[in-house]
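Worksheet for the structure shown next.
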Amino acid sequence: MPKDNSQEMFPLVDEQGNIIGAATRGECHSGSKPLHPVIHLHVFNVAGELYLQKRPVWKDIQPDKWDTAVGGHVDLGESVEIALRREAKEELGLTDFTPEFLFSYVFESEIERELVFVYKTVYSGPITPSEELNGGTFCTLNYIRENLGKGVFTPNFEGEIERVLSLSEEKN
């Protein structure tokens with residue numbers, strides 16, 4: 001069974017995103033909570049449905065939960081924008097999309113602290129989930145809202161989805 005590379009290097013950042021150091025994935029997920037940057041890309045289709053990925057059971061954080069279409073760590077030496085494109089290609093095979101930055105925030109759990117850069121896109125091309133995921137599907141917004149708080153989604157997805165939907169509705 002695959003597993004996350006605990007020796008992978010991540011940048012450490014302050015709350016404004018300025019790089020202040022580096023640490024391994026293992027250190028970042030050990031409970032010591034050094035702040036490290038991640039990206040989330042919410043992928044909508046033209047019908048207004050939202051694509052969700054199913055996290056595999058082998059993930060070290062939130063296994064077997066539904067989550068943001070694309071989510072991943074920014075690697076050491078990589079910009080947020082490069083990480084967004086790399087993760088979109090690695091996880092879903094997306095290469096031709098226009099990301100729109102929505103907001104950033106600090107997410108903290110029992111074992112980690114992340115500076116999350118949240119983007120959205122409307123995409124109608126093919127989506128091919130990689131082996132990094134346990135599949136995915138487009139969901140109606142009603143389905144998502146009906147299942148919030150039921151342990152179906154990751155806590156960070158639940159914490160940001162209403163803000164994403166609110167900002168998306170304002171711009172449409």
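Scheme for the structure tokens: letters A, B, ... for chains in order shown; per-chain residue numbers from 1; ligand numbers from 1 in order shown.
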For stretch 106-122 of chain A, work out the shell of residues within 10 Å, counting only C-alpha atoms and skipping chain neighbours fewer than 4 positions away, then give it as an NGL selection string. :A and (12-17 or 27-50 or 61 or 68-74 or 80-81 or 84 or 97-102 or 155-156 or 159-160 or 164-165 or 167-168)
Considering only alpha helix (DSSP H) as DSSP defines it on the backbone, what residues of stretch 82-154 of chain A qualify? List them as a PDB file with N, CA, C and O atoms, in the first residue's frame.
```pdb
ATOM      1  N   ILE A  82       2.735  27.568  -8.826  1.00  0.00           N
ATOM      2  CA  ILE A  82       3.326  26.365  -9.427  1.00  0.00           C
ATOM      3  C   ILE A  82       2.776  25.118  -8.734  1.00  0.00           C
ATOM      4  O   ILE A  82       2.440  24.124  -9.376  1.00  0.00           O
ATOM      5  N   ALA A  83       2.673  25.158  -7.398  1.00  0.00           N
ATOM      6  CA  ALA A  83       2.127  24.030  -6.647  1.00  0.00           C
ATOM      7  C   ALA A  83       0.689  23.748  -7.069  1.00  0.00           C
ATOM      8  O   ALA A  83       0.291  22.585  -7.219  1.00  0.00           O
ATOM      9  N   LEU A  84      -0.108  24.798  -7.267  1.00  0.00           N
ATOM     10  CA  LEU A  84      -1.501  24.643  -7.687  1.00  0.00           C
ATOM     11  C   LEU A  84      -1.577  23.895  -9.015  1.00  0.00           C
ATOM     12  O   LEU A  84      -2.337  22.932  -9.158  1.00  0.00           O
ATOM     13  N   ARG A  85      -0.792  24.311  -9.985  1.00  0.00           N
ATOM     14  CA  ARG A  85      -0.797  23.662 -11.306  1.00  0.00           C
ATOM     15  C   ARG A  85      -0.254  22.231 -11.225  1.00  0.00           C
ATOM     16  O   ARG A  85      -0.792  21.329 -11.863  1.00  0.00           O
ATOM     17  N   ARG A  86       0.801  22.036 -10.445  1.00  0.00           N
ATOM     18  CA  ARG A  86       1.385  20.690 -10.308  1.00  0.00           C
ATOM     19  C   ARG A  86       0.372  19.731  -9.676  1.00  0.00           C
ATOM     20  O   ARG A  86       0.149  18.628 -10.176  1.00  0.00           O
ATOM     21  N   GLU A  87      -0.242  20.146  -8.580  1.00  0.00           N
ATOM     22  CA  GLU A  87      -1.197  19.283  -7.892  1.00  0.00           C
ATOM     23  C   GLU A  87      -2.428  19.002  -8.757  1.00  0.00           C
ATOM     24  O   GLU A  87      -2.936  17.882  -8.766  1.00  0.00           O
ATOM     25  N   ALA A  88      -2.925  20.011  -9.492  1.00  0.00           N
ATOM     26  CA  ALA A  88      -4.088  19.806 -10.367  1.00  0.00           C
ATOM     27  C   ALA A  88      -3.773  18.767 -11.439  1.00  0.00           C
ATOM     28  O   ALA A  88      -4.607  17.910 -11.757  1.00  0.00           O
ATOM     29  N   LYS A  89      -2.565  18.826 -11.985  1.00  0.00           N
ATOM     30  CA  LYS A  89      -2.166  17.850 -13.002  1.00  0.00           C
ATOM     31  C   LYS A  89      -1.961  16.472 -12.376  1.00  0.00           C
ATOM     32  O   LYS A  89      -2.448  15.465 -12.905  1.00  0.00           O
ATOM     33  N   GLU A  90      -1.257  16.417 -11.239  1.00  0.00           N
ATOM     34  CA  GLU A  90      -0.981  15.129 -10.588  1.00  0.00           C
ATOM     35  C   GLU A  90      -2.258  14.431 -10.134  1.00  0.00           C
ATOM     36  O   GLU A  90      -2.405  13.233 -10.311  1.00  0.00           O
ATOM     37  N   GLU A  91      -3.176  15.171  -9.522  1.00  0.00           N
ATOM     38  CA  GLU A  91      -4.342  14.551  -8.907  1.00  0.00           C
ATOM     39  C   GLU A  91      -5.487  14.290  -9.872  1.00  0.00           C
ATOM     40  O   GLU A  91      -6.154  13.263  -9.779  1.00  0.00           O
ATOM     41  N   LEU A  92      -5.740  15.240 -10.808  1.00  0.00           N
ATOM     42  CA  LEU A  92      -6.916  15.111 -11.683  1.00  0.00           C
ATOM     43  C   LEU A  92      -6.606  15.191 -13.167  1.00  0.00           C
ATOM     44  O   LEU A  92      -7.517  15.118 -13.988  1.00  0.00           O
ATOM     45  N   LEU A 141     -24.650  21.050  -4.792  1.00  0.00           N
ATOM     46  CA  LEU A 141     -24.425  21.848  -3.594  1.00  0.00           C
ATOM     47  C   LEU A 141     -25.401  21.454  -2.491  1.00  0.00           C
ATOM     48  O   LEU A 141     -25.055  21.492  -1.304  1.00  0.00           O
ATOM     49  N   ASN A 142     -26.619  21.025  -2.872  1.00  0.00           N
ATOM     50  CA  ASN A 142     -27.583  20.548  -1.878  1.00  0.00           C
ATOM     51  C   ASN A 142     -27.059  19.318  -1.162  1.00  0.00           C
ATOM     52  O   ASN A 142     -27.170  19.198   0.061  1.00  0.00           O
ATOM     53  N   TYR A 143     -26.476  18.367  -1.912  1.00  0.00           N
ATOM     54  CA  TYR A 143     -25.910  17.158  -1.309  1.00  0.00           C
ATOM     55  C   TYR A 143     -24.815  17.538  -0.312  1.00  0.00           C
ATOM     56  O   TYR A 143     -24.758  17.011   0.807  1.00  0.00           O
ATOM     57  N   ILE A 144     -23.958  18.452  -0.720  1.00  0.00           N
ATOM     58  CA  ILE A 144     -22.863  18.867   0.161  1.00  0.00           C
ATOM     59  C   ILE A 144     -23.423  19.496   1.428  1.00  0.00           C
ATOM     60  O   ILE A 144     -23.049  19.110   2.548  1.00  0.00           O
ATOM     61  N   ARG A 145     -24.333  20.432   1.282  1.00  0.00           N
ATOM     62  CA  ARG A 145     -24.891  21.112   2.471  1.00  0.00           C
ATOM     63  C   ARG A 145     -25.622  20.126   3.387  1.00  0.00           C
ATOM     64  O   ARG A 145     -25.542  20.238   4.609  1.00  0.00           O
ATOM     65  N   GLU A 146     -26.334  19.145   2.817  1.00  0.00           N
ATOM     66  CA  GLU A 146     -27.067  18.162   3.618  1.00  0.00           C
ATOM     67  C   GLU A 146     -26.136  17.250   4.415  1.00  0.00           C
ATOM     68  O   GLU A 146     -26.548  16.669   5.422  1.00  0.00           O
ATOM     69  N   ASN A 147     -24.889  17.100   3.970  1.00  0.00           N
ATOM     70  CA  ASN A 147     -23.967  16.181   4.624  1.00  0.00           C
ATOM     71  C   ASN A 147     -22.893  16.851   5.467  1.00  0.00           C
ATOM     72  O   ASN A 147     -22.030  16.166   6.030  1.00  0.00           O
TER      73      ASN A 147
END
```
What is the atom CA of A:Asp64-atom CA of A:Asn5 distance in Å, reported with one decimal?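 Value for the atom CA of A:Asp64-atom CA of A:Asn5 distance: 18.2 Å.
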